[in-house]
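Below is the file start.cif, which contains mmCIF, C-alpha atoms and all ligand atoms.
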```cif
data_upload
loop_
_atom_site.label_atom_id
_atom_site.label_comp_id
_atom_site.auth_asym_id
_atom_site.auth_seq_id
_atom_site.Cartn_x
_atom_site.Cartn_y
_atom_site.Cartn_z
CA MET A 1 7.30 39.61 10.08
CA THR A 2 9.03 41.79 7.52
CA GLY A 3 11.96 40.89 5.30
CA SER A 4 10.38 37.51 4.65
CA THR A 5 12.26 35.12 2.37
CA ASN A 6 8.82 34.01 1.18
CA PHE A 7 8.11 37.27 -0.63
CA SER A 8 5.57 36.47 -3.32
CA THR A 9 3.44 38.56 -5.66
CA HIS A 10 1.42 35.68 -7.09
CA ASN A 11 -2.01 36.73 -5.83
CA SER A 12 -1.42 40.43 -6.51
CA GLU A 13 -0.41 39.57 -10.08
CA LYS A 14 -3.63 37.61 -10.61
CA LEU A 15 -5.73 40.44 -9.17
CA PHE A 16 -3.87 43.08 -11.17
CA ALA A 17 -4.54 41.23 -14.45
CA LYS A 18 -8.23 40.94 -13.55
CA ALA A 19 -8.43 44.59 -12.42
CA LYS A 20 -6.93 45.82 -15.69
CA SER A 21 -9.77 44.25 -17.64
CA VAL A 22 -12.38 46.37 -15.89
CA ILE A 23 -10.61 49.41 -14.37
CA PRO A 24 -8.30 51.68 -16.43
CA GLY A 25 -4.76 50.57 -15.58
CA GLY A 26 -6.27 48.35 -12.89
CA VAL A 27 -6.38 51.21 -10.39
CA ASN A 28 -8.68 54.00 -9.25
CA SER A 29 -5.85 56.52 -8.87
CA PRO A 30 -2.84 56.45 -11.22
CA VAL A 31 0.27 56.27 -9.01
CA ARG A 32 -1.07 53.09 -7.37
CA ALA A 33 -0.31 51.20 -10.61
CA PHE A 34 3.49 51.29 -9.98
CA ASN A 35 3.90 52.77 -13.49
CA SER A 36 7.10 54.62 -12.76
CA VAL A 37 8.75 51.86 -10.73
CA GLY A 38 7.46 48.90 -12.75
CA GLY A 39 6.25 45.57 -11.39
CA THR A 40 2.97 44.57 -9.83
CA PRO A 41 1.25 46.75 -7.24
CA SER A 42 0.60 44.95 -3.97
CA PHE A 43 -3.12 44.42 -3.50
CA ILE A 44 -3.82 45.16 0.14
CA LYS A 45 -6.01 42.95 2.28
CA ARG A 46 -5.83 44.70 5.63
CA ALA A 47 -3.77 47.09 7.72
CA GLU A 48 -2.99 47.54 11.40
CA GLY A 49 -0.86 50.17 13.13
CA ALA A 50 2.24 50.83 11.00
CA TYR A 51 1.73 47.67 8.92
CA LEU A 52 0.04 46.78 5.64
CA TYR A 53 -0.74 43.15 4.72
CA ASP A 54 -1.23 42.16 1.10
CA GLU A 55 -3.11 39.37 -0.65
CA ASP A 56 0.07 37.23 -0.68
CA ASP A 57 0.37 37.67 3.10
CA ASN A 58 3.44 39.86 2.80
CA ALA A 59 3.69 42.31 5.72
CA TYR A 60 5.04 45.79 5.07
CA ILE A 61 6.03 48.70 7.28
CA ASP A 62 3.95 51.40 5.62
CA TYR A 63 5.42 54.83 4.80
CA VAL A 64 2.54 55.85 2.52
CA GLY A 65 -0.25 55.81 5.12
CA SER A 66 -2.93 55.93 2.42
CA TRP A 67 -1.04 58.98 1.06
CA GLY A 68 -1.29 60.85 4.34
CA PRO A 69 -4.53 60.29 6.24
CA MET A 70 -3.35 57.46 8.51
CA ILE A 71 -1.32 59.65 10.87
CA LEU A 72 -2.51 57.67 13.92
CA GLY A 73 -1.67 54.36 12.26
CA HIS A 74 -4.10 52.02 10.55
CA ASN A 75 -7.30 50.78 12.12
CA HIS A 76 -7.06 53.08 15.12
CA PRO A 77 -9.60 51.88 17.74
CA ALA A 78 -11.04 55.35 18.48
CA ILE A 79 -11.78 56.01 14.80
CA LEU A 80 -13.16 52.53 14.24
CA GLU A 81 -15.49 52.84 17.21
CA ALA A 82 -16.72 56.29 16.14
CA VAL A 83 -17.50 55.05 12.62
CA ILE A 84 -19.29 51.89 13.78
CA ASN A 85 -21.41 53.74 16.36
CA THR A 86 -22.35 56.45 13.87
CA ALA A 87 -23.20 53.96 11.12
CA GLN A 88 -25.88 52.43 13.32
CA ARG A 89 -27.88 55.67 13.13
CA GLY A 90 -27.89 56.03 9.34
CA LEU A 91 -25.29 56.67 6.66
CA SER A 92 -26.35 59.95 5.09
CA PHE A 93 -29.17 62.44 5.58
CA GLY A 94 -28.46 65.35 3.21
CA ALA A 95 -29.60 67.65 6.01
CA PRO A 96 -27.60 69.47 8.70
CA THR A 97 -26.33 67.50 11.70
CA GLU A 98 -24.86 68.50 15.05
CA ILE A 99 -21.59 66.68 14.42
CA GLU A 100 -20.83 69.05 11.52
CA ILE A 101 -20.80 71.95 13.99
CA THR A 102 -18.60 70.06 16.46
CA MET A 103 -16.24 69.18 13.63
CA ALA A 104 -16.06 72.75 12.30
CA GLU A 105 -15.42 74.05 15.83
CA LYS A 106 -12.66 71.48 16.32
CA VAL A 107 -10.96 72.46 13.05
CA ARG A 108 -11.21 76.15 13.92
CA GLU A 109 -9.77 75.49 17.38
CA LEU A 110 -6.74 73.74 15.83
CA VAL A 111 -6.38 76.06 12.79
CA PRO A 112 -7.62 79.47 14.02
CA SER A 113 -7.15 81.23 10.65
CA MET A 114 -10.14 79.16 9.49
CA GLU A 115 -12.74 81.44 11.06
CA SER A 116 -15.46 79.83 8.97
CA LEU A 117 -15.18 76.62 6.98
CA ARG A 118 -17.03 74.21 4.77
CA MET A 119 -16.69 70.45 4.46
CA VAL A 120 -16.30 68.67 1.13
CA SER A 121 -15.42 65.09 0.20
CA SER A 122 -11.86 65.33 -1.15
CA GLY A 123 -8.80 67.54 -1.33
CA THR A 124 -9.57 68.23 -4.98
CA GLU A 125 -12.97 69.61 -4.11
CA ALA A 126 -11.43 71.75 -1.38
CA THR A 127 -8.85 73.41 -3.65
CA MET A 128 -11.25 73.73 -6.59
CA SER A 129 -13.80 75.45 -4.36
CA ALA A 130 -11.22 77.70 -2.71
CA ILE A 131 -9.97 78.85 -6.13
CA ARG A 132 -13.51 79.61 -7.33
CA LEU A 133 -14.15 81.52 -4.12
CA ALA A 134 -10.93 83.54 -4.48
CA ARG A 135 -11.89 84.39 -8.06
CA GLY A 136 -15.44 85.33 -7.07
CA PHE A 137 -14.26 87.38 -4.10
CA THR A 138 -11.63 89.36 -6.02
CA GLY A 139 -13.40 89.50 -9.39
CA ARG A 140 -10.11 88.39 -11.00
CA ASP A 141 -9.48 85.41 -13.31
CA LYS A 142 -5.80 84.54 -13.01
CA ILE A 143 -4.31 82.33 -10.34
CA LEU A 144 -0.69 81.69 -9.45
CA LYS A 145 0.66 78.25 -8.61
CA PHE A 146 4.13 76.72 -8.41
CA GLU A 147 5.71 74.20 -10.73
CA GLY A 148 5.64 70.73 -9.14
CA CYS A 149 2.87 71.58 -6.67
CA TYR A 150 -0.18 69.35 -6.92
CA HIS A 151 -3.54 70.64 -5.74
CA GLY A 152 -5.83 67.87 -6.94
CA HIS A 153 -7.16 67.31 -10.44
CA ALA A 154 -9.43 70.30 -11.06
CA ASP A 155 -8.84 71.76 -14.55
CA SER A 156 -7.19 75.03 -13.60
CA LEU A 157 -4.77 73.23 -11.28
CA LEU A 158 -3.45 70.55 -13.64
CA VAL A 159 -0.89 72.94 -15.05
CA LYS A 160 2.76 72.07 -14.34
CA ALA A 161 1.40 69.80 -11.62
CA GLY A 162 3.35 67.43 -9.38
CA SER A 163 2.46 64.05 -7.88
CA GLY A 164 1.02 61.44 -10.27
CA ALA A 165 0.80 64.01 -13.08
CA LEU A 166 4.56 64.50 -12.86
CA THR A 167 5.24 60.79 -12.26
CA LEU A 168 3.31 59.87 -15.40
CA GLY A 169 4.89 62.67 -17.42
CA VAL A 170 1.66 64.64 -17.93
CA PRO A 171 2.07 67.74 -15.76
CA ASN A 172 -0.23 69.54 -18.24
CA SER A 173 -3.08 67.12 -18.83
CA PRO A 174 -4.83 66.88 -22.20
CA GLY A 175 -8.54 67.63 -21.86
CA ILE A 176 -8.05 71.09 -20.41
CA PRO A 177 -8.87 73.85 -22.90
CA ALA A 178 -5.95 76.21 -23.53
CA ASP A 179 -8.38 79.07 -23.02
CA PHE A 180 -8.86 77.81 -19.50
CA ALA A 181 -5.25 76.90 -18.64
CA LYS A 182 -4.03 80.33 -19.73
CA HIS A 183 -5.45 81.77 -16.53
CA THR A 184 -3.08 79.61 -14.46
CA LEU A 185 0.29 81.30 -14.10
CA THR A 186 3.19 79.20 -12.82
CA VAL A 187 6.53 80.10 -11.29
CA SER A 188 9.29 78.17 -9.50
CA TYR A 189 8.75 77.01 -5.92
CA ASN A 190 10.96 78.77 -3.40
CA ASN A 191 11.63 81.63 -5.83
CA LEU A 192 10.18 84.85 -4.48
CA ASP A 193 11.75 86.98 -7.22
CA GLU A 194 9.70 85.19 -9.87
CA VAL A 195 6.55 85.73 -7.80
CA LYS A 196 7.22 89.46 -7.51
CA GLU A 197 8.00 89.72 -11.21
CA ILE A 198 4.74 88.12 -12.27
CA PHE A 199 2.73 90.36 -9.94
CA THR A 200 4.44 93.37 -11.49
CA LYS A 201 3.27 92.10 -14.88
CA TYR A 202 -0.35 91.45 -13.80
CA PRO A 203 -0.81 93.72 -10.76
CA ASP A 204 -4.61 93.64 -10.65
CA GLN A 205 -5.44 90.35 -12.36
CA ILE A 206 -4.26 87.62 -9.97
CA ALA A 207 -7.05 86.34 -7.72
CA CYS A 208 -4.83 84.17 -5.53
CA ILE A 209 -1.60 82.38 -4.88
CA ILE A 210 -2.13 78.71 -4.05
CA VAL A 211 0.84 76.96 -2.49
CA GLU A 212 1.78 73.80 -0.65
CA PRO A 213 3.49 75.35 2.40
CA VAL A 214 5.70 72.25 2.46
CA LEU A 215 5.82 70.75 -1.02
CA GLY A 216 4.94 67.07 -0.77
CA ASN A 217 4.11 66.31 -4.39
CA MET A 218 7.58 66.73 -5.85
CA ASN A 219 9.17 64.52 -3.22
CA CYS A 220 9.47 66.60 0.00
CA ILE A 221 10.63 70.21 -0.33
CA PRO A 222 10.35 72.53 2.65
CA PRO A 223 9.98 76.25 2.01
CA VAL A 224 13.23 78.23 2.16
CA GLU A 225 13.56 80.86 4.87
CA GLY A 226 11.37 83.85 4.07
CA PHE A 227 9.47 82.25 1.16
CA LEU A 228 6.05 81.91 2.82
CA LYS A 229 6.38 85.30 4.52
CA GLY A 230 7.25 86.78 1.14
CA LEU A 231 4.08 85.29 -0.38
CA ARG A 232 2.04 86.79 2.46
CA ASP A 233 3.56 90.22 1.81
CA VAL A 234 2.99 90.04 -1.97
CA CYS A 235 -0.67 89.05 -1.47
CA ASP A 236 -1.15 91.94 0.97
CA GLU A 237 0.46 94.38 -1.45
CA TYR A 238 -1.68 93.33 -4.45
CA SER A 239 -4.91 92.44 -2.57
CA SER A 240 -4.61 88.86 -3.75
CA VAL A 241 -5.88 85.91 -1.67
CA LEU A 242 -3.20 83.67 -0.13
CA ILE A 243 -4.31 80.02 -0.12
CA PHE A 244 -2.29 77.47 1.82
CA ASP A 245 -3.08 74.05 0.44
CA GLU A 246 -2.64 72.08 3.64
CA VAL A 247 -4.27 68.90 2.32
CA MET A 248 -0.99 67.14 3.08
CA THR A 249 0.54 69.30 5.79
CA GLY A 250 -2.62 69.95 7.82
CA PHE A 251 -2.51 68.40 11.32
CA ARG A 252 0.75 66.72 10.23
CA VAL A 253 3.62 69.18 10.08
CA ALA A 254 2.25 70.45 13.39
CA LEU A 255 -1.15 70.10 15.08
CA GLY A 256 -2.03 73.51 13.59
CA GLY A 257 -0.49 72.60 10.22
CA ALA A 258 2.33 74.33 8.34
CA GLN A 259 0.80 77.73 9.10
CA ALA A 260 1.42 77.09 12.79
CA HIS A 261 4.87 75.61 12.19
CA TYR A 262 6.04 78.59 10.10
CA ASP A 263 3.80 81.15 11.83
CA ILE A 264 2.24 82.58 8.65
CA LYS A 265 -1.49 83.21 8.39
CA PRO A 266 -3.08 82.51 4.99
CA ASP A 267 -6.44 83.99 3.93
CA LEU A 268 -7.83 80.59 2.98
CA THR A 269 -6.74 77.05 3.87
CA THR A 270 -7.60 73.78 2.18
CA LEU A 271 -7.56 70.51 4.09
CA GLY A 272 -7.93 66.82 3.26
CA LYS A 273 -6.37 63.50 4.22
CA VAL A 274 -5.84 63.62 8.04
CA ILE A 275 -9.07 65.60 8.52
CA GLY A 276 -11.04 62.52 7.44
CA GLY A 277 -9.12 59.91 9.44
CA GLY A 278 -9.29 57.63 6.38
CA MET A 279 -12.77 58.58 5.18
CA PRO A 280 -13.28 60.81 2.11
CA VAL A 281 -13.18 64.33 3.59
CA GLY A 282 -11.81 67.73 2.65
CA ALA A 283 -12.48 71.24 3.89
CA PHE A 284 -11.80 74.79 2.89
CA GLY A 285 -12.09 77.85 5.04
CA GLY A 286 -10.52 81.07 6.22
CA LYS A 287 -11.41 84.69 6.74
CA LYS A 288 -15.11 85.04 7.41
CA ALA A 289 -15.37 88.01 5.06
CA ILE A 290 -14.19 85.78 2.19
CA MET A 291 -16.12 82.68 3.23
CA ASP A 292 -19.33 84.73 3.33
CA PHE A 293 -19.09 84.92 -0.46
CA ILE A 294 -20.06 81.23 -0.60
CA ALA A 295 -23.68 80.19 -1.24
CA PRO A 296 -26.16 80.39 0.41
CA VAL A 297 -24.82 83.55 2.10
CA GLY A 298 -22.99 84.79 -0.98
CA PRO A 299 -23.11 84.36 -4.74
CA VAL A 300 -20.25 81.86 -5.34
CA TYR A 301 -21.85 78.44 -5.80
CA GLN A 302 -20.47 75.33 -4.14
CA ALA A 303 -22.32 72.22 -2.93
CA GLY A 304 -22.09 68.46 -2.28
CA THR A 305 -24.59 65.61 -1.82
CA LEU A 306 -22.32 63.86 0.68
CA SER A 307 -20.57 66.92 2.13
CA GLY A 308 -20.42 66.68 5.93
CA ASN A 309 -21.39 63.02 5.75
CA PRO A 310 -21.93 61.67 9.30
CA LEU A 311 -19.51 58.75 8.99
CA ALA A 312 -16.84 60.98 7.52
CA MET A 313 -17.37 63.57 10.27
CA ALA A 314 -17.24 60.90 12.98
CA ALA A 315 -13.97 59.49 11.66
CA GLY A 316 -12.47 62.95 11.20
CA LEU A 317 -13.54 64.21 14.60
CA ALA A 318 -12.20 61.10 16.33
CA SER A 319 -8.93 61.48 14.45
CA LEU A 320 -8.49 65.16 15.35
CA THR A 321 -9.52 64.53 18.96
CA GLU A 322 -6.93 61.76 19.34
CA LEU A 323 -4.25 63.85 17.65
CA ALA A 324 -4.81 66.76 20.00
CA LYS A 325 -4.15 64.58 23.08
CA GLY A 326 -0.70 64.92 24.64
CA ASN A 327 2.30 66.04 22.67
CA LYS A 328 1.92 63.62 19.79
CA HIS A 329 3.57 65.78 17.14
CA LYS A 330 6.79 65.97 19.12
CA GLN A 331 6.92 62.18 19.06
CA LEU A 332 6.07 62.13 15.34
CA SER A 333 8.81 64.64 14.51
CA ALA A 334 11.32 62.66 16.59
CA ALA A 335 10.41 59.42 14.79
CA THR A 336 10.73 61.12 11.39
CA GLU A 337 14.09 62.60 12.31
CA LYS A 338 15.36 59.24 13.54
CA LEU A 339 14.30 57.67 10.25
CA ALA A 340 15.79 60.42 8.10
CA MET A 341 19.12 60.58 9.94
CA GLY A 342 19.31 56.77 10.06
CA LEU A 343 18.72 56.48 6.30
CA LYS A 344 21.40 59.05 5.61
CA ALA A 345 23.90 57.31 7.92
CA ALA A 346 23.18 53.89 6.37
CA ALA A 347 23.57 55.29 2.84
CA ASP A 348 26.87 56.94 3.82
CA ARG A 349 28.16 53.66 5.28
CA HIS A 350 27.50 51.94 1.96
CA GLY A 351 28.86 54.72 -0.22
CA VAL A 352 25.44 55.65 -1.65
CA ASP A 353 24.90 59.35 -2.41
CA LEU A 354 21.72 60.35 -0.62
CA ASN A 355 20.22 63.68 0.36
CA ILE A 356 17.31 63.91 2.81
CA ASN A 357 14.60 66.45 3.64
CA TYR A 358 12.13 66.15 6.49
CA VAL A 359 9.60 68.29 8.37
CA GLY A 360 7.19 67.05 11.05
CA GLY A 361 5.79 63.72 9.85
CA MET A 362 6.97 64.15 6.23
CA PHE A 363 10.25 63.04 4.69
CA GLY A 364 11.87 62.74 1.29
CA PHE A 365 15.09 61.13 0.11
CA PHE A 366 16.97 61.91 -3.09
CA PHE A 367 19.56 59.78 -4.86
CA THR A 368 21.93 62.53 -5.86
CA SER A 369 25.50 63.64 -5.27
CA ASP A 370 24.15 67.17 -4.72
CA GLU A 371 24.96 67.80 -1.06
CA THR A 372 23.26 71.21 -0.86
CA PRO A 373 19.71 71.31 0.51
CA ILE A 374 17.22 70.16 -2.15
CA THR A 375 14.89 73.15 -2.61
CA THR A 376 14.11 73.35 -6.34
CA PHE A 377 12.27 71.49 -9.10
CA GLU A 378 15.50 71.29 -11.15
CA GLN A 379 17.37 69.60 -8.30
CA VAL A 380 14.57 67.03 -7.91
CA MET A 381 14.51 66.29 -11.64
CA ALA A 382 18.28 65.76 -11.66
CA CYS A 383 18.08 62.85 -9.16
CA ASP A 384 18.84 59.27 -10.18
CA SER A 385 15.41 57.77 -10.90
CA GLU A 386 16.86 54.35 -11.83
CA LYS A 387 18.49 54.07 -8.44
CA PHE A 388 15.17 55.04 -6.81
CA LYS A 389 13.35 52.25 -8.70
CA HIS A 390 15.94 49.68 -7.70
CA PHE A 391 15.85 50.77 -4.05
CA PHE A 392 12.04 50.85 -4.03
CA HIS A 393 11.81 47.19 -5.10
CA LEU A 394 14.59 46.02 -2.79
CA MET A 395 12.79 47.71 0.13
CA LEU A 396 9.45 46.17 -0.87
CA GLU A 397 11.02 42.72 -0.78
CA GLN A 398 12.45 43.57 2.62
CA GLY A 399 8.95 44.42 3.84
CA VAL A 400 9.04 48.22 3.63
CA TYR A 401 6.35 49.95 1.59
CA LEU A 402 7.53 53.29 0.18
CA ALA A 403 5.62 55.57 -2.19
CA PRO A 404 6.03 54.06 -5.68
CA SER A 405 7.34 57.31 -7.17
CA ALA A 406 10.39 59.51 -6.62
CA PHE A 407 8.06 62.52 -6.67
CA GLU A 408 6.08 61.75 -3.53
CA THR A 409 6.79 62.58 0.07
CA GLY A 410 7.00 59.80 2.66
CA PHE A 411 4.72 59.77 5.69
CA VAL A 412 5.48 58.56 9.20
CA SER A 413 2.64 57.77 11.61
CA MET A 414 2.24 57.79 15.39
CA ALA A 415 2.32 53.96 15.17
CA HIS A 416 5.91 53.96 13.87
CA SER A 417 7.64 53.05 17.13
CA ASP A 418 11.40 53.19 17.70
CA GLU A 419 11.52 49.45 17.11
CA ILE A 420 9.73 49.77 13.77
CA ILE A 421 12.03 52.58 12.66
CA GLU A 422 15.04 50.42 13.64
CA LYS A 423 13.66 47.55 11.55
CA THR A 424 13.25 49.93 8.61
CA LEU A 425 16.83 51.10 8.96
CA GLU A 426 18.13 47.52 9.09
CA ALA A 427 16.21 46.78 5.88
CA ALA A 428 17.49 49.98 4.25
CA ALA A 429 21.10 49.11 5.12
CA LYS A 430 20.72 45.73 3.36
CA CYS A 431 19.24 47.48 0.32
CA PHE A 432 21.90 50.20 0.15
CA ALA A 433 24.51 47.42 0.22
CA GLN A 434 22.99 46.01 -2.97
CA LEU A 435 22.69 49.27 -4.91
N1 LIG B 501 -3.65 69.11 -2.46
C1 LIG B 501 -2.57 68.46 -2.08
C2 LIG B 501 -1.42 69.23 -1.49
C3 LIG B 501 -2.48 67.07 -2.21
O1 LIG B 501 -1.38 66.43 -1.83
C4 LIG B 501 -3.58 66.37 -2.75
C5 LIG B 501 -3.57 64.86 -2.93
N2 LIG B 501 -2.40 64.20 -2.77
C6 LIG B 501 -4.70 67.10 -3.14
C7 LIG B 501 -4.72 68.46 -2.97
C8 LIG B 501 -5.91 66.41 -3.71
O2 LIG B 501 -6.55 65.67 -2.73
P1 LIG B 501 -7.51 64.45 -3.13
O3 LIG B 501 -6.62 63.40 -3.71
O4 LIG B 501 -8.16 64.08 -1.84
O5 LIG B 501 -8.49 64.97 -4.12
#
```
As structure tokens, please, write out the structure in this file.
Ligand code: PMP
Amino acid sequence: MTGSTNFSTHNSEKLFAKAKSVIPGGVNSPVRAFNSVGGTPSFIKRAEGAYLYDEDDNAYIDYVGSWGPMILGHNHPAILEAVINTAQRGLSFGAPTEIEITMAEKVRELVPSMESLRMVSSGTEATMSAIRLARGFTGRDKILKFEGCYHGHADSLLVKAGSGALTLGVPNSPGIPADFAKHTLTVSYNNLDEVKEIFTKYPDQIACIIVEPVLGNMNCIPPVEGFLKGLRDVCDEYSSVLIFDEVMTGFRVALGGAQAHYDIKPDLTTLGKVIGGGMPVGAFGGKKAIMDFIAPVGPVYQAGTLSGNPLAMAAGLASLTELAKGNKHKQLSAATEKLAMGLKAAADRHGVDLNINYVGGMFGFFFTSDETPITTFEQVMACDSEKFKHFFHLMLEQGVYLAPSAFETGFVSMAHSDEIIEKTLEAAAKCFAQL
């Protein structure tokens, strides 16, 4: 299956050339274009379980999982069935449906800090809406985010952003008025002193702190001991809203997200990816007293033609229902640990300097001789990006699909069996030998 000697990119190359003539960069989301690693992006034809299949019939073990949603593996039968059954009754009504209640109740059951919540259609919409709500609720303009964190592409959040913005070298995107960006304060991730200092400077002007409780958009950086608790305390002290952006970590780091894993309760939570099971879904929610500021109950406006779309709700509900069965996250964490430890051991055997982070179903590897835990933006930026590019392409040819950027976390799914992880490690060993 994988590691085929027939690796070809012929059809993907043809499609990429055609795509570029009609779609900017040939892609509908920038990192997909392989800009930072070079070469031709694989055009995907279908996916099943832990595998992706491209238009040249290459098979890949997939560690991107559509950038997070496919935690149960691709084409999961329960999700497929829910979507097909729901589609037969109509695709969108623009009126309330019962499944939206069931879905909201399910989310609240799994993430109890979300006393009340609203569905949207993407992670970007979720964070953008949560920020507006925090501003409306507190009557303050400034927000605090961390360098290298990505919270979607809303204007106030594309300041020192991670993910594709960092990969493409535009952490501060043109097109955002300086007058607007000046309300976004940024400090270093995992640095509580900087957070306290900035609150001392603007004690009654910061509406919220928004944070990725595990940073997945600057490779994978877990919070250092005491960091999230420190943010909670600062927000309590200055009556600022604490927003956990769990678009990536939600239902992944643990069934109840990073807030369950680290036992810290935010005021608001944003969700995306896993919550839609592969359909376009996001959600934001939290303390009822804050959520009641949203229209039509409150004055802060927020809306969406396709919000709570029946197909999206059916896929999301099926996904969350499956995830909640048995002790799936224990298995996911074990698979991720096996992968991370195996990669490190293989790199050591071949004399390649590698540092690894992992939490729940997220992992990140760093080509660096720095043997201390990787916890800062500076450490990530100091890694060997040329070595990453080389490794990325060697792995692709061996049939392993990694995120095409050194600034993205890797995702493991429930479909990554022991055997599949072993295959990945065999491929990685061959690639390390060639670095
Ligand atoms: N927040 C985080 C933490 C994310 O990782 C992402 C996307 N990778 C977003 C928000 C934006 O989500 P979307 O791409 O669905 O708009």
Quiz item: Using only C-alpha atoms, which residues sit within 12 Å of region 11-15 of chain A once same-chain residues fewer than 3 positions away are excluded, as a VMD selection string?
Solution: chain A and resid 7 to 8 18 to 23 26 to 27 33 39 to 45 53 to 58
Name each residue within 7 Å of ligand LIG 501 (chain B), counting only C-alpha atoms and all ligand atoms, as a short mmCIF file (atom, residue, chain, number, x, y, z; two decimals) with C-alpha atoms, in the frame of the given file.
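Result saved to result-v9.cif:
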```
data_model
loop_
_atom_site.label_atom_id
_atom_site.label_comp_id
_atom_site.auth_asym_id
_atom_site.auth_seq_id
_atom_site.Cartn_x
_atom_site.Cartn_y
_atom_site.Cartn_z
CA TRP A 67 -1.04 58.98 1.06
CA SER A 122 -11.86 65.33 -1.15
CA GLY A 123 -8.80 67.54 -1.33
CA THR A 124 -9.57 68.23 -4.98
CA GLU A 125 -12.97 69.61 -4.11
CA THR A 127 -8.85 73.41 -3.65
CA TYR A 150 -0.18 69.35 -6.92
CA HIS A 151 -3.54 70.64 -5.74
CA GLY A 152 -5.83 67.87 -6.94
CA HIS A 153 -7.16 67.31 -10.44
CA GLU A 212 1.78 73.80 -0.65
CA GLY A 216 4.94 67.07 -0.77
CA ASN A 217 4.11 66.31 -4.39
CA ASP A 245 -3.08 74.05 0.44
CA GLU A 246 -2.64 72.08 3.64
CA VAL A 247 -4.27 68.90 2.32
CA MET A 248 -0.99 67.14 3.08
CA GLY A 272 -7.93 66.82 3.26
CA LYS A 273 -6.37 63.50 4.22
CA GLY A 282 -11.81 67.73 2.65
#
```
Practice problem: Excluding Ile101 (chain A) and any residue of its chain fewer than 5 positions from it, enumerate the residues within 12 Å of it, using only C-alpha atoms, and give them as an MDAnalysis selection string. | Solution: chainID A and resid 96 106:108 116:119 308 310 313:314 317
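Among the candidate residues A:Gly38, A:Met103, A:Gly278, A:His390, the one lying nearest to His74 (chain A) is A:Gly278, with distances computed using all atoms listed in the file.
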Quiz prompt | Contact residues around Ile209 (chain A) with only C-alpha atoms at 9 Å, ignoring same-chain residues under 4 positions, as a list in words | solution =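 The residues satisfying every condition are Ile143, Leu144, Lys145, Phe146, Leu231, Cys235, Ser240, Val241, Leu242, Ile243 and Phe244 of chain A.
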Please fill the gaps in region 82-95 of chain A so it has N, CA and C atoms, and write that as an mmCIF file, in the coordinates of the input.
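Output file selection32.cif follows:
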```
data_model
loop_
_atom_site.group_PDB
_atom_site.id
_atom_site.type_symbol
_atom_site.label_atom_id
_atom_site.label_comp_id
_atom_site.auth_asym_id
_atom_site.auth_seq_id
_atom_site.Cartn_x
_atom_site.Cartn_y
_atom_site.Cartn_z
ATOM 1 N N ALA A 82 -15.875 55.141 16.510
ATOM 2 C CA ALA A 82 -16.720 56.290 16.140
ATOM 3 C C ALA A 82 -17.498 55.977 14.861
ATOM 4 N N VAL A 83 -16.846 55.343 13.900
ATOM 5 C CA VAL A 83 -17.500 55.050 12.620
ATOM 6 C C VAL A 83 -18.610 54.005 12.822
ATOM 7 N N ILE A 84 -18.296 52.956 13.577
ATOM 8 C CA ILE A 84 -19.290 51.890 13.780
ATOM 9 C C ILE A 84 -20.510 52.419 14.529
ATOM 10 N N ASN A 85 -20.280 53.192 15.593
ATOM 11 C CA ASN A 85 -21.410 53.740 16.360
ATOM 12 C C ASN A 85 -22.264 54.654 15.495
ATOM 13 N N THR A 86 -21.604 55.490 14.695
ATOM 14 C CA THR A 86 -22.350 56.450 13.870
ATOM 15 C C THR A 86 -23.139 55.720 12.784
ATOM 16 N N ALA A 87 -22.550 54.688 12.224
ATOM 17 C CA ALA A 87 -23.200 53.960 11.120
ATOM 18 C C ALA A 87 -24.540 53.366 11.551
ATOM 19 N N GLN A 88 -24.636 53.055 12.845
ATOM 20 C CA GLN A 88 -25.880 52.430 13.320
ATOM 21 C C GLN A 88 -27.060 53.394 13.302
ATOM 22 N N ARG A 89 -26.773 54.695 13.141
ATOM 23 C CA ARG A 89 -27.880 55.670 13.130
ATOM 24 C C ARG A 89 -28.217 56.165 11.727
ATOM 25 N N GLY A 90 -27.590 55.597 10.714
ATOM 26 C CA GLY A 90 -27.890 56.030 9.340
ATOM 27 C C GLY A 90 -26.646 56.561 8.671
ATOM 28 N N LEU A 91 -26.549 56.364 7.365
ATOM 29 C CA LEU A 91 -25.290 56.670 6.660
ATOM 30 C C LEU A 91 -25.228 58.069 6.070
ATOM 31 N N SER A 92 -26.377 58.616 5.692
ATOM 32 C CA SER A 92 -26.350 59.950 5.090
ATOM 33 C C SER A 92 -27.749 60.537 5.137
ATOM 34 N N PHE A 93 -27.845 61.824 5.463
ATOM 35 C CA PHE A 93 -29.170 62.440 5.580
ATOM 36 C C PHE A 93 -29.385 63.575 4.590
ATOM 37 N N GLY A 94 -28.303 64.191 4.109
ATOM 38 C CA GLY A 94 -28.460 65.350 3.210
ATOM 39 C C GLY A 94 -29.169 66.506 3.897
ATOM 40 N N ALA A 95 -29.014 66.570 5.196
ATOM 41 C CA ALA A 95 -29.600 67.650 6.010
ATOM 42 C C ALA A 95 -28.581 67.935 7.110
#
```
